[in-house]
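Engineer: Structure file final_18.cif, mmCIF, N, CA, C and O atoms; chains and numbers go by the auth columns, is pasted below:
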data_run
#
loop_
_atom_site.group_PDB
_atom_site.id
_atom_site.type_symbol
_atom_site.label_atom_id
_atom_site.label_comp_id
_atom_site.label_asym_id
_atom_site.label_seq_id
_atom_site.Cartn_x
_atom_site.Cartn_y
_atom_site.Cartn_z
_atom_site.B_iso_or_equiv
_atom_site.auth_seq_id
_atom_site.auth_asym_id
ATOM 1 N N MET A 1 0.825 -1.193 0.000 0.00 1 A
ATOM 2 C CA MET A 1 0.000 0.000 0.000 0.00 1 A
ATOM 3 C C MET A 1 0.872 1.261 0.000 0.00 1 A
ATOM 4 O O MET A 1 0.521 2.250 -0.606 0.00 1 A
ATOM 5 N N LYS A 2 1.998 1.188 0.694 0.00 2 A
ATOM 6 C CA LYS A 2 2.914 2.324 0.760 0.00 2 A
ATOM 7 C C LYS A 2 3.465 2.641 -0.629 0.00 2 A
ATOM 8 O O LYS A 2 3.617 3.802 -0.998 0.00 2 A
ATOM 9 N N THR A 3 3.742 1.589 -1.405 0.00 3 A
ATOM 10 C CA THR A 3 4.257 1.778 -2.764 0.00 3 A
ATOM 11 C C THR A 3 3.239 2.506 -3.618 0.00 3 A
ATOM 12 O O THR A 3 3.582 3.390 -4.407 0.00 3 A
ATOM 13 N N TRP A 4 1.973 2.157 -3.487 0.00 4 A
ATOM 14 C CA TRP A 4 0.901 2.791 -4.266 0.00 4 A
ATOM 15 C C TRP A 4 0.794 4.279 -3.912 0.00 4 A
ATOM 16 O O TRP A 4 0.632 5.121 -4.791 0.00 4 A
ATOM 17 N N LYS A 5 0.885 4.607 -2.635 0.00 5 A
ATOM 18 C CA LYS A 5 0.808 6.016 -2.217 0.00 5 A
ATOM 19 C C LYS A 5 1.998 6.808 -2.764 0.00 5 A
ATOM 20 O O LYS A 5 1.842 7.941 -3.204 0.00 5 A
ATOM 21 N N ASN A 6 3.173 6.200 -2.730 0.00 6 A
ATOM 22 C CA ASN A 6 4.357 6.868 -3.284 0.00 6 A
ATOM 23 C C ASN A 6 4.202 7.083 -4.783 0.00 6 A
ATOM 24 O O ASN A 6 4.606 8.107 -5.318 0.00 6 A
ATOM 25 N N PHE A 7 3.615 6.093 -5.465 0.00 7 A
ATOM 26 C CA PHE A 7 3.390 6.216 -6.904 0.00 7 A
ATOM 27 C C PHE A 7 2.462 7.387 -7.212 0.00 7 A
ATOM 28 O O PHE A 7 2.681 8.141 -8.159 0.00 7 A
ATOM 29 N N LEU A 8 1.416 7.549 -6.434 0.00 8 A
ATOM 30 C CA LEU A 8 0.462 8.636 -6.663 0.00 8 A
ATOM 31 C C LEU A 8 1.082 10.003 -6.389 0.00 8 A
ATOM 32 O O LEU A 8 0.683 10.995 -6.997 0.00 8 A
ATOM 33 N N LYS A 9 2.046 10.053 -5.473 0.00 9 A
ATOM 34 C CA LYS A 9 2.682 11.327 -5.135 0.00 9 A
ATOM 35 C C LYS A 9 3.757 11.730 -6.139 0.00 9 A
ATOM 36 O O LYS A 9 4.100 12.901 -6.248 0.00 9 A
ATOM 37 N N GLU A 10 4.308 10.773 -6.881 0.00 10 A
ATOM 38 C CA GLU A 10 5.370 11.077 -7.835 0.00 10 A
ATOM 39 C C GLU A 10 4.833 11.902 -8.996 0.00 10 A
ATOM 40 O O GLU A 10 3.706 11.728 -9.425 0.00 10 A
ATOM 41 N N GLU A 11 5.666 12.771 -9.512 0.00 11 A
ATOM 42 C CA GLU A 11 5.285 13.592 -10.649 0.00 11 A
ATOM 43 C C GLU A 11 5.830 13.039 -11.954 0.00 11 A
ATOM 44 O O GLU A 11 5.571 13.582 -13.021 0.00 11 A
ATOM 45 N N ASP A 12 6.598 11.968 -11.906 0.00 12 A
ATOM 46 C CA ASP A 12 7.150 11.364 -13.117 0.00 12 A
ATOM 47 C C ASP A 12 6.047 10.815 -14.011 0.00 12 A
ATOM 48 O O ASP A 12 6.184 10.784 -15.224 0.00 12 A
ATOM 49 N N GLY A 13 4.955 10.399 -13.425 0.00 13 A
ATOM 50 C CA GLY A 13 3.847 9.838 -14.186 0.00 13 A
ATOM 51 C C GLY A 13 3.089 10.868 -15.007 0.00 13 A
ATOM 52 O O GLY A 13 2.295 10.520 -15.868 0.00 13 A
ATOM 53 N N MET A 14 3.313 12.132 -14.754 0.00 14 A
ATOM 54 C CA MET A 14 2.583 13.166 -15.484 0.00 14 A
ATOM 55 C C MET A 14 2.916 13.127 -16.969 0.00 14 A
ATOM 56 O O MET A 14 2.077 13.395 -17.801 0.00 14 A
ATOM 57 N N GLY A 15 4.128 12.783 -17.327 0.00 15 A
ATOM 58 C CA GLY A 15 4.481 12.658 -18.737 0.00 15 A
ATOM 59 C C GLY A 15 3.679 11.559 -19.399 0.00 15 A
ATOM 60 O O GLY A 15 3.230 11.687 -20.535 0.00 15 A
ATOM 61 N N THR A 16 3.457 10.476 -18.674 0.00 16 A
ATOM 62 C CA THR A 16 2.672 9.371 -19.193 0.00 16 A
ATOM 63 C C THR A 16 1.232 9.800 -19.420 0.00 16 A
ATOM 64 O O THR A 16 0.631 9.470 -20.446 0.00 16 A
ATOM 65 N N VAL A 17 0.673 10.537 -18.484 0.00 17 A
ATOM 66 C CA VAL A 17 -0.707 11.013 -18.616 0.00 17 A
ATOM 67 C C VAL A 17 -0.832 11.923 -19.828 0.00 17 A
ATOM 68 O O VAL A 17 -1.789 11.827 -20.592 0.00 17 A
ATOM 69 N N GLU A 18 0.138 12.772 -20.036 0.00 18 A
ATOM 70 C CA GLU A 18 0.105 13.676 -21.191 0.00 18 A
ATOM 71 C C GLU A 18 0.147 12.904 -22.497 0.00 18 A
ATOM 72 O O GLU A 18 -0.586 13.217 -23.440 0.00 18 A
ATOM 73 N N VAL A 19 0.990 11.883 -22.573 0.00 19 A
ATOM 74 C CA VAL A 19 1.084 11.069 -23.781 0.00 19 A
ATOM 75 C C VAL A 19 -0.231 10.344 -24.034 0.00 19 A
ATOM 76 O O VAL A 19 -0.723 10.295 -25.160 0.00 19 A
ATOM 77 N N ILE A 20 -0.833 9.805 -22.984 0.00 20 A
ATOM 78 C CA ILE A 20 -2.114 9.109 -23.134 0.00 20 A
ATOM 79 C C ILE A 20 -3.191 10.069 -23.614 0.00 20 A
ATOM 80 O O ILE A 20 -3.994 9.724 -24.489 0.00 20 A
ATOM 81 N N LEU A 21 -3.229 11.277 -23.089 0.00 21 A
ATOM 82 C CA LEU A 21 -4.217 12.261 -23.534 0.00 21 A
ATOM 83 C C LEU A 21 -4.016 12.630 -25.003 0.00 21 A
ATOM 84 O O LEU A 21 -4.982 12.769 -25.756 0.00 21 A
ATOM 85 N N ILE A 22 -2.784 12.773 -25.424 0.00 22 A
ATOM 86 C CA ILE A 22 -2.506 13.074 -26.829 0.00 22 A
ATOM 87 C C ILE A 22 -2.978 11.930 -27.713 0.00 22 A
ATOM 88 O O ILE A 22 -3.591 12.155 -28.766 0.00 22 A
ATOM 89 N N ILE A 23 -2.723 10.697 -27.304 0.00 23 A
ATOM 90 C CA ILE A 23 -3.159 9.539 -28.084 0.00 23 A
ATOM 91 C C ILE A 23 -4.677 9.491 -28.168 0.00 23 A
ATOM 92 O O ILE A 23 -5.240 9.226 -29.231 0.00 23 A
ATOM 93 N N VAL A 24 -5.358 9.784 -27.067 0.00 24 A
ATOM 94 C CA VAL A 24 -6.827 9.786 -27.066 0.00 24 A
ATOM 95 C C VAL A 24 -7.359 10.839 -28.030 0.00 24 A
ATOM 96 O O VAL A 24 -8.306 10.586 -28.790 0.00 24 A
ATOM 97 N N VAL A 25 -6.762 12.011 -28.035 0.00 25 A
ATOM 98 C CA VAL A 25 -7.199 13.072 -28.945 0.00 25 A
ATOM 99 C C VAL A 25 -6.969 12.658 -30.395 0.00 25 A
ATOM 100 O O VAL A 25 -7.843 12.842 -31.255 0.00 25 A
ATOM 101 N N LEU A 26 -5.814 12.070 -30.692 0.00 26 A
ATOM 102 C CA LEU A 26 -5.527 11.634 -32.062 0.00 26 A
ATOM 103 C C LEU A 26 -6.490 10.540 -32.517 0.00 26 A
ATOM 104 O O LEU A 26 -6.977 10.578 -33.650 0.00 26 A
ATOM 105 N N VAL A 27 -6.779 9.591 -31.641 0.00 27 A
ATOM 106 C CA VAL A 27 -7.729 8.533 -31.990 0.00 27 A
ATOM 107 C C VAL A 27 -9.112 9.133 -32.229 0.00 27 A
ATOM 108 O O VAL A 27 -9.810 8.755 -33.167 0.00 27 A
ATOM 109 N N GLY A 28 -9.495 10.090 -31.405 0.00 28 A
ATOM 110 C CA GLY A 28 -10.780 10.763 -31.598 0.00 28 A
ATOM 111 C C GLY A 28 -10.851 11.471 -32.942 0.00 28 A
ATOM 112 O O GLY A 28 -11.870 11.403 -33.637 0.00 28 A
ATOM 113 N N LEU A 29 -9.780 12.153 -33.325 0.00 29 A
ATOM 114 C CA LEU A 29 -9.753 12.831 -34.615 0.00 29 A
ATOM 115 C C LEU A 29 -9.833 11.838 -35.773 0.00 29 A
ATOM 116 O O LEU A 29 -10.521 12.089 -36.770 0.00 29 A
ATOM 117 N N VAL A 30 -9.154 10.716 -35.639 0.00 30 A
ATOM 118 C CA VAL A 30 -9.208 9.697 -36.690 0.00 30 A
ATOM 119 C C VAL A 30 -10.625 9.149 -36.819 0.00 30 A
ATOM 120 O O VAL A 30 -11.128 8.957 -37.920 0.00 30 A
ATOM 121 N N VAL A 31 -11.288 8.921 -35.695 0.00 31 A
ATOM 122 C CA VAL A 31 -12.660 8.407 -35.737 0.00 31 A
ATOM 123 C C VAL A 31 -13.594 9.431 -36.374 0.00 31 A
ATOM 124 O O VAL A 31 -14.444 9.085 -37.200 0.00 31 A
ATOM 125 N N ILE A 32 -13.425 10.688 -36.030 0.00 32 A
ATOM 126 C CA ILE A 32 -14.298 11.737 -36.569 0.00 32 A
ATOM 127 C C ILE A 32 -14.083 11.914 -38.070 0.00 32 A
ATOM 128 O O ILE A 32 -15.042 12.030 -38.838 0.00 32 A
ATOM 129 N N PHE A 33 -12.830 11.917 -38.511 0.00 33 A
ATOM 130 C CA PHE A 33 -12.515 12.195 -39.908 0.00 33 A
ATOM 131 C C PHE A 33 -12.124 10.940 -40.681 0.00 33 A
ATOM 132 O O PHE A 33 -11.385 11.010 -41.667 0.00 33 A
ATOM 133 N N LYS A 34 -12.629 9.790 -40.259 0.00 34 A
ATOM 134 C CA LYS A 34 -12.259 8.507 -40.865 0.00 34 A
ATOM 135 C C LYS A 34 -12.539 8.484 -42.362 0.00 34 A
ATOM 136 O O LYS A 34 -11.703 8.050 -43.155 0.00 34 A
ATOM 137 N N ASP A 35 -13.699 8.940 -42.781 0.00 35 A
ATOM 138 C CA ASP A 35 -14.062 8.907 -44.203 0.00 35 A
ATOM 139 C C ASP A 35 -13.153 9.817 -45.031 0.00 35 A
ATOM 140 O O ASP A 35 -12.686 9.430 -46.104 0.00 35 A
ATOM 141 N N GLN A 36 -12.897 11.013 -44.534 0.00 36 A
ATOM 142 C CA GLN A 36 -12.044 11.944 -45.264 0.00 36 A
ATOM 143 C C GLN A 36 -10.613 11.414 -45.363 0.00 36 A
ATOM 144 O O GLN A 36 -9.978 11.523 -46.415 0.00 36 A
ATOM 145 N N ILE A 37 -10.106 10.842 -44.283 0.00 37 A
ATOM 146 C CA ILE A 37 -8.754 10.282 -44.300 0.00 37 A
ATOM 147 C C ILE A 37 -8.698 9.119 -45.278 0.00 37 A
ATOM 148 O O ILE A 37 -7.736 8.974 -46.034 0.00 37 A
ATOM 149 N N GLY A 38 -9.734 8.280 -45.283 0.00 38 A
ATOM 150 C CA GLY A 38 -9.787 7.151 -46.208 0.00 38 A
ATOM 151 C C GLY A 38 -9.777 7.599 -47.652 0.00 38 A
ATOM 152 O O GLY A 38 -9.108 6.996 -48.498 0.00 38 A
ATOM 153 N N ASP A 39 -10.530 8.661 -47.967 0.00 39 A
ATOM 154 C CA ASP A 39 -10.558 9.190 -49.330 0.00 39 A
ATOM 155 C C ASP A 39 -9.185 9.713 -49.754 0.00 39 A
ATOM 156 O O ASP A 39 -8.745 9.494 -50.887 0.00 39 A
ATOM 157 N N ILE A 40 -8.517 10.405 -48.854 0.00 40 A
ATOM 158 C CA ILE A 40 -7.194 10.945 -49.163 0.00 40 A
ATOM 159 C C ILE A 40 -6.200 9.819 -49.424 0.00 40 A
ATOM 160 O O ILE A 40 -5.449 9.843 -50.404 0.00 40 A
ATOM 161 N N VAL A 41 -6.195 8.816 -48.547 0.00 41 A
ATOM 162 C CA VAL A 41 -5.262 7.693 -48.695 0.00 41 A
ATOM 163 C C VAL A 41 -5.562 6.927 -49.976 0.00 41 A
ATOM 164 O O VAL A 41 -4.645 6.557 -50.724 0.00 41 A
ATOM 165 N N GLU A 42 -6.829 6.702 -50.260 0.00 42 A
ATOM 166 C CA GLU A 42 -7.213 5.990 -51.486 0.00 42 A
ATOM 167 C C GLU A 42 -6.770 6.769 -52.724 0.00 42 A
ATOM 168 O O GLU A 42 -6.255 6.191 -53.687 0.00 42 A
ATOM 169 N N GLY A 43 -6.949 8.078 -52.703 0.00 43 A
ATOM 170 C CA GLY A 43 -6.507 8.910 -53.811 0.00 43 A
ATOM 171 C C GLY A 43 -5.001 8.852 -54.017 0.00 43 A
ATOM 172 O O GLY A 43 -4.513 8.794 -55.150 0.00 43 A
ATOM 173 N N LEU A 44 -4.270 8.850 -52.909 0.00 44 A
ATOM 174 C CA LEU A 44 -2.810 8.766 -53.011 0.00 44 A
ATOM 175 C C LEU A 44 -2.367 7.431 -53.605 0.00 44 A
ATOM 176 O O LEU A 44 -1.488 7.388 -54.463 0.00 44 A
ATOM 177 N N PHE A 45 -2.984 6.341 -53.168 0.00 45 A
ATOM 178 C CA PHE A 45 -2.619 5.031 -53.701 0.00 45 A
ATOM 179 C C PHE A 45 -3.001 4.903 -55.176 0.00 45 A
ATOM 180 O O PHE A 45 -2.262 4.289 -55.952 0.00 45 A
ATOM 181 N N ASP A 46 -4.128 5.478 -55.557 0.00 46 A
ATOM 182 C CA ASP A 46 -4.507 5.465 -56.984 0.00 46 A
ATOM 183 C C ASP A 46 -3.480 6.226 -57.816 0.00 46 A
ATOM 184 O O ASP A 46 -3.072 5.782 -58.888 0.00 46 A
ATOM 185 N N LYS A 47 -3.057 7.375 -57.305 0.00 47 A
ATOM 186 C CA LYS A 47 -2.058 8.187 -58.007 0.00 47 A
ATOM 187 C C LYS A 47 -0.729 7.445 -58.128 0.00 47 A
ATOM 188 O O LYS A 47 -0.093 7.461 -59.182 0.00 47 A
ATOM 189 N N ILE A 48 -0.322 6.801 -57.036 0.00 48 A
ATOM 190 C CA ILE A 48 0.924 6.033 -57.050 0.00 48 A
ATOM 191 C C ILE A 48 0.839 4.899 -58.057 0.00 48 A
ATOM 192 O O ILE A 48 1.771 4.647 -58.827 0.00 48 A
ATOM 193 N N THR A 49 -0.293 4.209 -58.092 0.00 49 A
ATOM 194 C CA THR A 49 -0.473 3.079 -59.006 0.00 49 A
ATOM 195 C C THR A 49 -0.421 3.563 -60.455 0.00 49 A
ATOM 196 O O THR A 49 0.233 2.931 -61.294 0.00 49 A
ATOM 197 N N LYS A 50 -1.096 4.658 -60.762 0.00 50 A
ATOM 198 C CA LYS A 50 -1.118 5.180 -62.127 0.00 50 A
ATOM 199 C C LYS A 50 0.274 5.632 -62.566 0.00 50 A
ATOM 200 O O LYS A 50 0.691 5.367 -63.698 0.00 50 A
ATOM 201 N N GLN A 51 1.003 6.270 -61.675 0.00 51 A
ATOM 202 C CA GLN A 51 2.332 6.760 -62.023 0.00 51 A
ATOM 203 C C GLN A 51 3.343 5.613 -62.130 0.00 51 A
ATOM 204 O O GLN A 51 4.278 5.686 -62.923 0.00 51 A
ATOM 205 N N SER A 52 3.153 4.567 -61.335 0.00 52 A
ATOM 206 C CA SER A 52 4.096 3.442 -61.413 0.00 52 A
ATOM 207 C C SER A 52 3.892 2.631 -62.700 0.00 52 A
ATOM 208 O O SER A 52 4.836 2.021 -63.193 0.00 52 A
ATOM 209 N N LYS A 53 2.696 2.648 -63.256 0.00 53 A
ATOM 210 C CA LYS A 53 2.449 1.957 -64.509 0.00 53 A
ATOM 211 C C LYS A 53 3.158 2.680 -65.666 0.00 53 A
ATOM 212 O O LYS A 53 3.507 2.063 -66.654 0.00 53 A
ATOM 213 N N GLY A 54 3.365 3.977 -65.518 0.00 54 A
ATOM 214 C CA GLY A 54 4.028 4.750 -66.549 0.00 54 A
ATOM 215 C C GLY A 54 5.534 4.524 -66.587 0.00 54 A
ATOM 216 O O GLY A 54 6.197 4.872 -67.552 0.00 54 A
ATOM 217 N N ILE A 55 6.084 3.960 -65.562 0.00 55 A
ATOM 218 C CA ILE A 55 7.542 3.732 -65.503 0.00 55 A
ATOM 219 C C ILE A 55 7.854 2.501 -66.209 0.00 55 A
ATOM 220 O O ILE A 55 8.067 1.765 -66.824 0.00 55 A
#
Once more with this new file: its structure as structure tokens, please.
Structural biologist:
Amino acid sequence: MKTWKNFLKEEDGMGTVEVILIIVVLVGLVVIFKDQIGDIVEGLFDKITKQSKGI
């Protein structure tokens, strides 16, 4: 139990919390803009395929 209390008092974990919050925000943005991101990626792959056939 003492270890758990010391863990809660440490400030080293704050970096971890910040990273987790950033990941949550990025995942949220991907979920919100999933269709638009998919269209962009699909367009890029189509362009790559068309240009590679020309080589």
Engineer: So that all listed atoms of region 13-22 of chain A fit with 4 Å spare on each side, what axis-aligned box centre and edge lengths in Å, to one decimal, would you give as JSON?
Structural biologist:
{"center_x": 0.0, "center_y": 11.4, "center_z": -21.1, "size_x": 17.9, "size_y": 12.6, "size_z": 23.3}
Engineer: Report, in Å with one decimal, the straight-line distance from CA of Ile37 (chain A) to atom O of Lys53 (chain A).
Structural biologist: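 For CA of Ile37 (chain A) relative to atom O of Lys53 (chain A), the distance reads 26.8 Å.
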Engineer: For the atom pair atom N of Ile55 (chain A) and atom O of Gly43 (chain A), what is the interatomic distance in Å to one decimal place?
Structural biologist: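 Taking atom N of Ile55 (chain A) as the start and atom O of Gly43 (chain A) as the end point, the length is 15.6 Å.
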